[in-house]
file final_17.tsv (TSV, C-alpha atoms)
chain	number	residue	atom	x	y	z
A	1	MET	CA	-133.57	4.33	-17.25
A	2	LYS	CA	-131.65	1.08	-16.84
A	3	SER	CA	-129.96	2.42	-13.73
A	4	ILE	CA	-133.31	3.39	-12.20
A	5	ILE	CA	-134.72	-0.07	-12.90
A	6	GLY	CA	-131.62	-1.64	-11.40
A	7	LEU	CA	-131.92	0.53	-8.29
A	8	LEU	CA	-135.59	-0.39	-7.85
A	9	ALA	CA	-134.74	-4.09	-8.19
A	10	LEU	CA	-131.99	-3.72	-5.58
A	11	LEU	CA	-134.35	-1.99	-3.17
A	12	LEU	CA	-136.93	-4.74	-3.66
A	13	VAL	CA	-134.38	-7.49	-2.96
A	14	THR	CA	-133.07	-5.64	0.10
A	15	SER	CA	-136.59	-5.16	1.41
A	16	CYS	CA	-137.42	-8.86	1.02
A	17	ALA	CA	-134.14	-9.98	2.57
A	18	SER	CA	-134.65	-7.81	5.67
A	19	LYS	CA	-138.25	-8.82	6.21
A	20	LYS	CA	-138.72	-10.05	9.75
A	21	LEU	CA	-141.30	-12.21	11.43
A	22	LYS	CA	-143.99	-10.26	13.18
A	23	GLU	CA	-146.70	-11.15	15.61
A	24	THR	CA	-150.24	-10.96	14.32
A	25	ASP	CA	-153.25	-9.58	16.13
A	26	ASN	CA	-155.82	-12.23	17.01
A	27	SER	CA	-158.53	-10.09	15.47
A	28	GLU	CA	-156.98	-10.52	12.02
A	29	THR	CA	-158.76	-13.44	10.40
A	30	ILE	CA	-158.07	-14.69	6.89
A	31	LYS	CA	-160.78	-17.13	5.86
A	32	LYS	CA	-160.60	-18.91	9.21
A	33	ASP	CA	-163.42	-21.20	10.29
A	34	TYR	CA	-163.23	-19.96	13.88
A	35	GLU	CA	-163.05	-16.86	16.03
A	36	VAL	CA	-160.51	-16.48	18.83
A	37	ARG	CA	-162.51	-15.87	22.02
A	38	ASP	CA	-159.61	-15.88	24.48
A	39	ALA	CA	-155.84	-16.36	24.42
A	40	SER	CA	-152.80	-16.29	26.66
A	41	SER	CA	-151.62	-13.09	24.96
A	42	THR	CA	-153.15	-10.41	22.76
A	43	THR	CA	-150.91	-11.34	19.83
A	44	ARG	CA	-150.10	-14.67	18.23
A	45	PRO	CA	-146.37	-15.33	18.81
A	46	ALA	CA	-144.08	-15.29	15.79
A	47	TRP	CA	-142.18	-18.34	17.08
A	48	ILE	CA	-145.12	-20.55	16.10
A	49	GLU	CA	-144.43	-19.73	12.45
A	50	ASP	CA	-140.64	-20.15	12.52
A	51	ALA	CA	-138.97	-20.94	15.84
A	52	ASN	CA	-135.38	-20.49	14.65
A	53	GLN	CA	-135.95	-17.21	12.86
A	54	TRP	CA	-137.74	-15.91	15.94
A	55	ALA	CA	-134.79	-17.03	18.09
A	56	GLU	CA	-132.30	-15.22	15.85
A	57	GLU	CA	-134.35	-12.03	15.83
A	58	ASN	CA	-134.82	-12.06	19.61
A	59	ASP	CA	-131.20	-12.62	20.69
A	60	GLN	CA	-131.67	-16.22	21.78
A	61	ASP	CA	-128.71	-18.61	21.87
A	62	THR	CA	-128.89	-20.00	18.33
A	63	LYS	CA	-125.28	-21.20	18.35
A	64	GLY	CA	-125.69	-23.51	21.29
A	65	PHE	CA	-129.30	-24.54	20.72
A	66	ARG	CA	-131.87	-25.37	18.04
A	67	HIS	CA	-135.43	-24.16	18.46
A	68	PHE	CA	-138.61	-25.99	17.48
A	69	SER	CA	-142.31	-25.27	17.87
A	70	TYR	CA	-145.40	-27.44	17.83
A	71	GLU	CA	-149.09	-26.50	17.84
A	72	THR	CA	-151.97	-28.85	18.58
A	73	GLU	CA	-155.26	-29.36	16.84
A	74	PRO	CA	-158.28	-28.15	18.88
A	75	LYS	CA	-158.81	-30.05	22.15
A	76	VAL	CA	-161.61	-30.15	24.69
A	77	ASN	CA	-159.91	-27.92	27.27
A	78	ARG	CA	-156.88	-25.70	27.72
A	79	ASN	CA	-154.93	-27.90	30.13
A	80	PHE	CA	-155.30	-30.95	27.93
A	81	ALA	CA	-154.20	-28.99	24.86
A	82	CYS	CA	-151.03	-27.69	26.55
A	83	ASP	CA	-150.21	-31.05	28.13
A	84	PHE	CA	-150.60	-32.61	24.68
A	85	ALA	CA	-148.30	-30.00	23.09
A	86	LYS	CA	-145.58	-30.57	25.70
A	87	ALA	CA	-145.87	-34.36	25.46
A	88	ASN	CA	-145.73	-34.46	21.66
A	89	ILE	CA	-142.92	-32.03	20.93
A	90	LYS	CA	-140.30	-34.80	21.05
A	91	SER	CA	-142.23	-36.96	18.60
A	92	ASP	CA	-142.61	-33.92	16.34
A	93	ILE	CA	-138.84	-33.29	16.35
A	94	ALA	CA	-138.19	-37.00	15.72
A	95	GLY	CA	-140.67	-36.89	12.84
A	96	GLU	CA	-138.93	-33.86	11.36
A	97	ILE	CA	-135.58	-35.66	11.48
A	98	SER	CA	-137.08	-38.82	9.99
A	99	THR	CA	-138.75	-36.92	7.16
A	100	TYR	CA	-135.52	-35.10	6.33
A	101	LEU	CA	-133.52	-38.32	6.19
A	102	GLU	CA	-136.23	-40.07	4.15
A	103	LYS	CA	-136.16	-37.33	1.51
A	104	SER	CA	-132.36	-37.61	1.38
A	105	LEU	CA	-132.60	-41.24	0.31
A	106	GLY	CA	-134.08	-40.35	-3.06
A	107	SER	CA	-131.87	-39.67	-6.04
A	108	SER	CA	-129.04	-38.22	-3.91
A	109	GLN	CA	-125.67	-37.69	-5.53
A	110	GLU	CA	-122.40	-38.16	-3.70
A	111	GLY	CA	-119.56	-37.56	-6.15
A	112	SER	CA	-119.82	-40.28	-8.78
A	113	ALA	CA	-121.89	-42.61	-6.59
A	114	SER	CA	-125.64	-42.13	-6.54
A	115	ILE	CA	-128.47	-43.87	-4.77
A	116	ASP	CA	-130.79	-45.78	-7.08
A	117	GLU	CA	-134.22	-45.14	-5.60
A	118	ASN	CA	-135.57	-48.15	-7.55
A	119	ASN	CA	-133.13	-50.46	-5.76
A	120	PRO	CA	-135.31	-52.87	-3.67
A	121	GLU	CA	-133.07	-52.26	-0.64
A	122	ILE	CA	-133.53	-48.52	-0.96
A	123	VAL	CA	-137.29	-48.86	-1.42
A	124	ALA	CA	-137.52	-50.96	1.75
A	125	LEU	CA	-135.18	-48.58	3.55
A	126	ARG	CA	-137.26	-45.53	2.70
A	127	GLU	CA	-140.39	-47.31	3.87
A	128	PHE	CA	-138.67	-48.11	7.17
A	129	VAL	CA	-137.56	-44.50	7.61
A	130	GLU	CA	-140.99	-43.14	6.68
A	131	ASN	CA	-143.01	-45.51	8.87
A	132	THR	CA	-140.79	-46.61	11.74
A	133	LEU	CA	-137.72	-44.45	12.31
A	134	ALA	CA	-139.46	-41.53	14.07
A	135	GLU	CA	-140.84	-43.86	16.72
A	136	LYS	CA	-137.45	-45.50	17.24
A	137	ILE	CA	-135.55	-42.24	17.69
A	138	GLN	CA	-138.13	-40.36	19.77
A	139	GLY	CA	-136.36	-41.49	22.93
A	140	LEU	CA	-133.11	-40.03	21.60
A	141	ILE	CA	-134.47	-36.48	21.78
A	142	ILE	CA	-132.88	-35.65	25.13
A	143	GLY	CA	-132.54	-32.22	26.66
A	144	ALA	CA	-135.52	-30.61	24.93
A	145	GLU	CA	-136.57	-27.72	27.17
A	146	ILE	CA	-139.99	-26.03	27.04
A	147	ARG	CA	-139.37	-22.28	26.80
A	148	LYS	CA	-142.79	-20.83	26.07
A	149	THR	CA	-146.41	-21.86	25.56
A	150	TYR	CA	-149.32	-20.08	23.96
A	151	TRP	CA	-152.98	-21.12	23.95
A	152	GLU	CA	-156.16	-20.02	22.23
A	153	LYS	CA	-159.82	-20.61	22.94
A	154	ARG	CA	-161.56	-20.85	19.57
A	155	ALA	CA	-165.20	-20.85	18.61
A	156	TYR	CA	-165.53	-22.91	15.44
A	157	MET	CA	-168.68	-22.06	13.48
A	158	LYS	CA	-170.46	-23.64	10.55
A	159	ARG	CA	-171.21	-20.23	9.07
A	160	LEU	CA	-167.44	-19.67	8.82
A	161	GLY	CA	-166.80	-23.04	7.18
A	162	ALA	CA	-166.34	-25.39	10.13
A	163	ALA	CA	-167.92	-28.85	10.00
A	164	LYS	CA	-169.93	-27.99	13.11
A	165	ASP	CA	-170.24	-25.41	15.88
A	166	PHE	CA	-167.95	-26.14	18.81
A	167	ILE	CA	-165.45	-24.64	21.24
A	168	GLY	CA	-161.87	-25.90	21.00
A	169	PHE	CA	-158.57	-25.04	22.69
A	170	THR	CA	-155.24	-25.10	20.88
A	171	CYS	CA	-151.83	-24.81	22.48
A	172	ALA	CA	-148.37	-24.22	21.02
A	173	ALA	CA	-145.04	-24.98	22.67
A	174	LEU	CA	-141.62	-23.52	21.94
A	175	VAL	CA	-138.67	-25.73	22.87
A	176	ARG	CA	-134.94	-25.60	22.52
A	177	ILE	CA	-132.51	-28.50	22.41
A	178	PRO	CA	-128.70	-28.32	22.78
A	179	ASN	CA	-126.81	-28.72	19.51
A	180	GLU	CA	-124.79	-31.65	20.81
A	181	ARG	CA	-127.96	-33.49	21.82
A	182	LEU	CA	-129.51	-32.94	18.41
A	183	GLN	CA	-126.29	-34.07	16.71
A	184	ALA	CA	-126.26	-37.22	18.85
A	185	ALA	CA	-129.87	-37.98	17.86
A	186	LEU	CA	-129.03	-37.46	14.18
A	187	ASP	CA	-125.95	-39.69	14.43
A	188	ARG	CA	-127.91	-42.48	16.07
A	189	ALA	CA	-130.77	-42.15	13.58
A	190	SER	CA	-128.34	-42.41	10.67
A	191	LYS	CA	-126.70	-45.46	12.22
A	192	ILE	CA	-130.06	-47.18	12.65
A	193	VAL	CA	-130.81	-46.55	8.97
A	194	SER	CA	-127.41	-47.67	7.63
A	195	GLU	CA	-127.58	-50.88	9.70
A	196	LYS	CA	-130.62	-51.88	7.63
A	197	VAL	CA	-128.51	-52.10	4.44
A	198	ASP	CA	-126.55	-55.27	3.58
A	199	ASP	CA	-125.02	-54.58	0.16
A	200	PRO	CA	-121.60	-52.90	0.75
A	201	GLU	CA	-121.78	-50.46	-2.17
A	202	THR	CA	-125.35	-49.44	-1.38
A	203	LYS	CA	-124.43	-49.11	2.29
A	204	GLU	CA	-121.57	-46.75	1.46
A	205	ASN	CA	-123.78	-44.59	-0.74
A	206	VAL	CA	-126.48	-44.50	1.93
A	207	GLU	CA	-124.00	-43.52	4.64
A	208	ASN	CA	-122.62	-40.73	2.44
A	209	ALA	CA	-126.12	-39.43	1.74
A	210	LEU	CA	-127.06	-39.57	5.42
A	211	LYS	CA	-123.89	-37.76	6.45
A	212	LYS	CA	-124.69	-34.99	3.99
A	213	ALA	CA	-128.29	-34.93	5.18
A	214	GLU	CA	-127.15	-34.49	8.79
A	215	GLU	CA	-124.95	-31.54	7.82
A	216	ASN	CA	-127.72	-29.92	5.82
A	217	PHE	CA	-130.29	-30.46	8.57
A	218	LEU	CA	-128.09	-28.68	11.10
A	219	LYS	CA	-127.28	-25.87	8.65
A	220	THR	CA	-130.97	-25.41	7.91
A	221	LYS	CA	-131.67	-25.05	11.63
A	222	GLN	CA	-128.92	-22.43	11.81
A	223	GLY	CA	-130.35	-20.55	8.86
A	224	LEU	CA	-127.24	-21.19	6.78
A	225	LEU	CA	-129.04	-22.69	3.76
call {"tool": "encode", "arguments": {"input": "final_17.tsv", "output": "structure tokens"}}
result
Amino acid sequence: MKSIIGLLALLLVTSCASKKLKETDNSETIKKDYEVRDASSTTRPAWIEDANQWAEENDQDTKGFRHFSYETEPKVNRNFACDFAKANIKSDIAGEISTYLEKSLGSSQEGSASIDENNPEIVALREFVENTLAEKIQGLIIGAEIRKTYWEKRAYMKRLGAAKDFIGFTCAALVRIPNERLQAALDRASKIVSEKVDDPETKENVENALKKAEENFLKTKQGLL
């Protein structure tokens, strides 16, 4: 009996581990407050959900590039929605980097030295990272290349839960950025943050935490964590 239970558990783990992203039919609605009336393809692309997993499963160059995706809120027309998606992908990547670094400045542990999140310098630093860093590093996102776009025409309806009846267009963009460009942006972002710290000991701890955060960010994008 124990062996059967163990075998079933193994099969369950294997099944979960091998689960792949799949595209979903636009007709499948799960408590949505809209209906899809038109779209650029008959299925919703899997890269919108997880750009890097999609890239790995579709033989894209995941060693030389990182993949990101961004989808807009509903806009008044299709062209505006897609222009907005393309224009805002850099700020979205910068925001993702900023958020990751901000979370790393909590109670991080680097050997015997830890960051005291109640330290006034750290409090001010985290506020800077949360509110200002993304804007400062947006221009550092160089080499981001639009690979795919996908748009939907949606009819939002009050009877489905929308605030009002209206037609809106959403657009998603898939981009890739060379690893070295992303690393350069991370390095510069970390330097901007560490330059805000005056106390030598705190500065060292912050730099250690940021270095670890950079490594983890890149590993996460490679699917190594």
call {"tool": "closest_residue", "arguments": {"input": "final_17.tsv", "among": "A:Arg37, A:Lys191, A:Arg44, A:Lys90", "to": "Gln138 in chain A", "atoms": "only C-alpha atoms"}}
result
A:Lys90
call {"tool": "atom_distance", "arguments": {"input": "final_17.tsv", "atom1": "CA of Gly64 in chain A", "atom2": "CA of Leu140 in chain A"}}
result
18.1 Å
call {"tool": "residues_around", "arguments": {"input": "final_17.tsv", "residues": "Asn179 in chain A", "least_positions_apart": "5", "cutoff": "10 Å", "atoms": "all atoms listed in the file", "output": "list in words"}}
result
Thr62, Lys63, Gly64, Phe65, Arg66, His67, Gly143, Ala184, Ala185, Leu218 and Lys221 of chain A
call {"tool": "closest_residue", "arguments": {"input": "final_17.tsv", "among": "A:Gln53, A:Gln183, A:Asn131, A:Ser194", "to": "Asn216 in chain A", "atoms": "all atoms listed in the file"}}
result
A:Gln183
call {"tool": "atom_distance", "arguments": {"input": "final_17.tsv", "atom1": "CA of Glu56 in chain A", "atom2": "CA of Thr43 in chain A"}}
result
19.4 Å
call {"tool": "atom_distance", "arguments": {"input": "final_17.tsv", "atom1": "CA of Lys219 in chain A", "atom2": "CA of Ile89 in chain A"}}
result
20.8 Å
call {"tool": "closest_residue", "arguments": {"input": "final_17.tsv", "among": "A:Val76, A:Ile48, A:Ile122, A:Ile93", "to": "Asp199 in chain A", "atoms": "all atoms listed in the file"}}
result
A:Ile122
call {"tool": "closest_residue", "arguments": {"input": "final_17.tsv", "among": "A:Tyr34, A:Tyr100, A:Phe166, A:Phe80", "to": "Glu130 in chain A", "atoms": "all atoms listed in the file"}}
result
A:Tyr100
call {"tool": "closest_residue", "arguments": {"input": "final_17.tsv", "among": "A:Lys164, A:Arg188, A:Lys153, A:Lys75", "to": "Ile97 in chain A", "atoms": "all atoms listed in the file"}}
result
A:Arg188
call {"tool": "build_atoms", "arguments": {"input": "final_17.tsv", "residues": "range 167-190 of chain A", "atoms": "N, CA, C and O atoms", "output": "mmCIF file, in the frame of the given file"}}
result
data_model
loop_
_atom_site.group_PDB
_atom_site.id
_atom_site.type_symbol
_atom_site.label_atom_id
_atom_site.label_comp_id
_atom_site.auth_asym_id
_atom_site.auth_seq_id
_atom_site.Cartn_x
_atom_site.Cartn_y
_atom_site.Cartn_z
ATOM 1 N N ILE A 167 -166.544 -25.382 20.615
ATOM 2 C CA ILE A 167 -165.450 -24.640 21.240
ATOM 3 C C ILE A 167 -164.244 -25.573 21.358
ATOM 4 O O ILE A 167 -164.364 -26.709 21.827
ATOM 5 N N GLY A 168 -163.083 -25.109 20.927
ATOM 6 C CA GLY A 168 -161.870 -25.900 21.000
ATOM 7 C C GLY A 168 -160.692 -25.071 21.495
ATOM 8 O O GLY A 168 -160.655 -23.850 21.267
ATOM 9 N N PHE A 169 -159.778 -25.714 22.186
ATOM 10 C CA PHE A 169 -158.570 -25.040 22.690
ATOM 11 C C PHE A 169 -157.351 -25.588 21.953
ATOM 12 O O PHE A 169 -157.203 -26.801 21.815
ATOM 13 N N THR A 170 -156.512 -24.695 21.474
ATOM 14 C CA THR A 170 -155.240 -25.100 20.880
ATOM 15 C C THR A 170 -154.109 -24.584 21.758
ATOM 16 O O THR A 170 -154.276 -23.594 22.487
ATOM 17 N N CYS A 171 -152.981 -25.249 21.693
ATOM 18 C CA CYS A 171 -151.830 -24.810 22.480
ATOM 19 C C CYS A 171 -150.560 -25.045 21.659
ATOM 20 O O CYS A 171 -150.438 -26.066 20.970
ATOM 21 N N ALA A 172 -149.658 -24.096 21.708
ATOM 22 C CA ALA A 172 -148.370 -24.220 21.020
ATOM 23 C C ALA A 172 -147.259 -24.189 22.054
ATOM 24 O O ALA A 172 -147.354 -23.506 23.080
ATOM 25 N N ALA A 173 -146.196 -24.940 21.777
ATOM 26 C CA ALA A 173 -145.040 -24.980 22.670
ATOM 27 C C ALA A 173 -143.779 -24.650 21.892
ATOM 28 O O ALA A 173 -143.590 -25.113 20.767
ATOM 29 N N LEU A 174 -142.935 -23.841 22.489
ATOM 30 C CA LEU A 174 -141.620 -23.520 21.940
ATOM 31 C C LEU A 174 -140.581 -24.251 22.781
ATOM 32 O O LEU A 174 -140.579 -24.139 24.010
ATOM 33 N N VAL A 175 -139.711 -25.005 22.140
ATOM 34 C CA VAL A 175 -138.670 -25.730 22.870
ATOM 35 C C VAL A 175 -137.314 -25.442 22.242
ATOM 36 O O VAL A 175 -137.223 -25.030 21.086
ATOM 37 N N ARG A 176 -136.301 -25.657 23.045
ATOM 38 C CA ARG A 176 -134.940 -25.600 22.520
ATOM 39 C C ARG A 176 -134.211 -26.859 22.946
ATOM 40 O O ARG A 176 -134.494 -27.433 24.005
ATOM 41 N N ILE A 177 -133.289 -27.305 22.114
ATOM 42 C CA ILE A 177 -132.510 -28.500 22.410
ATOM 43 C C ILE A 177 -131.043 -28.198 22.116
ATOM 44 O O ILE A 177 -130.722 -27.564 21.098
ATOM 45 N N PRO A 178 -130.129 -28.591 23.004
ATOM 46 C CA PRO A 178 -128.700 -28.320 22.780
ATOM 47 C C PRO A 178 -128.222 -28.945 21.470
ATOM 48 O O PRO A 178 -128.633 -30.038 21.097
ATOM 49 N N ASN A 179 -127.340 -28.242 20.794
ATOM 50 C CA ASN A 179 -126.810 -28.720 19.510
ATOM 51 C C ASN A 179 -126.213 -30.116 19.615
ATOM 52 O O ASN A 179 -126.424 -30.964 18.754
ATOM 53 N N GLU A 180 -125.447 -30.354 20.688
ATOM 54 C CA GLU A 180 -124.790 -31.650 20.810
ATOM 55 C C GLU A 180 -125.805 -32.783 20.995
ATOM 56 O O GLU A 180 -125.578 -33.913 20.536
ATOM 57 N N ARG A 181 -126.917 -32.486 21.640
ATOM 58 C CA ARG A 181 -127.960 -33.490 21.820
ATOM 59 C C ARG A 181 -128.641 -33.803 20.491
ATOM 60 O O ARG A 181 -128.945 -34.964 20.178
ATOM 61 N N LEU A 182 -128.888 -32.741 19.716
ATOM 62 C CA LEU A 182 -129.510 -32.940 18.410
ATOM 63 C C LEU A 182 -128.577 -33.699 17.480
ATOM 64 O O LEU A 182 -129.001 -34.593 16.747
ATOM 65 N N GLN A 183 -127.280 -33.364 17.532
ATOM 66 C CA GLN A 183 -126.290 -34.070 16.710
ATOM 67 C C GLN A 183 -126.240 -35.539 17.091
ATOM 68 O O GLN A 183 -126.161 -36.415 16.217
ATOM 69 N N ALA A 184 -126.292 -35.832 18.389
ATOM 70 C CA ALA A 184 -126.260 -37.220 18.850
ATOM 71 C C ALA A 184 -127.483 -37.993 18.344
ATOM 72 O O ALA A 184 -127.371 -39.154 17.932
ATOM 73 N N ALA A 185 -128.651 -37.341 18.356
ATOM 74 C CA ALA A 185 -129.870 -37.980 17.860
ATOM 75 C C ALA A 185 -129.769 -38.250 16.363
ATOM 76 O O ALA A 185 -130.170 -39.311 15.869
ATOM 77 N N LEU A 186 -129.215 -37.289 15.625
ATOM 78 C CA LEU A 186 -129.030 -37.460 14.180
ATOM 79 C C LEU A 186 -128.057 -38.595 13.883
ATOM 80 O O LEU A 186 -128.297 -39.414 12.992
ATOM 81 N N ASP A 187 -126.955 -38.638 14.631
ATOM 82 C CA ASP A 187 -125.950 -39.690 14.430
ATOM 83 C C ASP A 187 -126.559 -41.071 14.661
ATOM 84 O O ASP A 187 -126.337 -42.001 13.879
ATOM 85 N N ARG A 188 -127.310 -41.187 15.746
ATOM 86 C CA ARG A 188 -127.910 -42.480 16.070
ATOM 87 C C ARG A 188 -128.972 -42.863 15.040
ATOM 88 O O ARG A 188 -129.061 -44.030 14.631
ATOM 89 N N ALA A 189 -129.747 -41.881 14.591
ATOM 90 C CA ALA A 189 -130.770 -42.150 13.580
ATOM 91 C C ALA A 189 -130.131 -42.641 12.285
ATOM 92 O O ALA A 189 -130.592 -43.606 11.671
ATOM 93 N N SER A 190 -129.037 -41.997 11.884
ATOM 94 C CA SER A 190 -128.340 -42.410 10.670
ATOM 95 C C SER A 190 -127.771 -43.812 10.802
ATOM 96 O O SER A 190 -127.800 -44.609 9.858
#
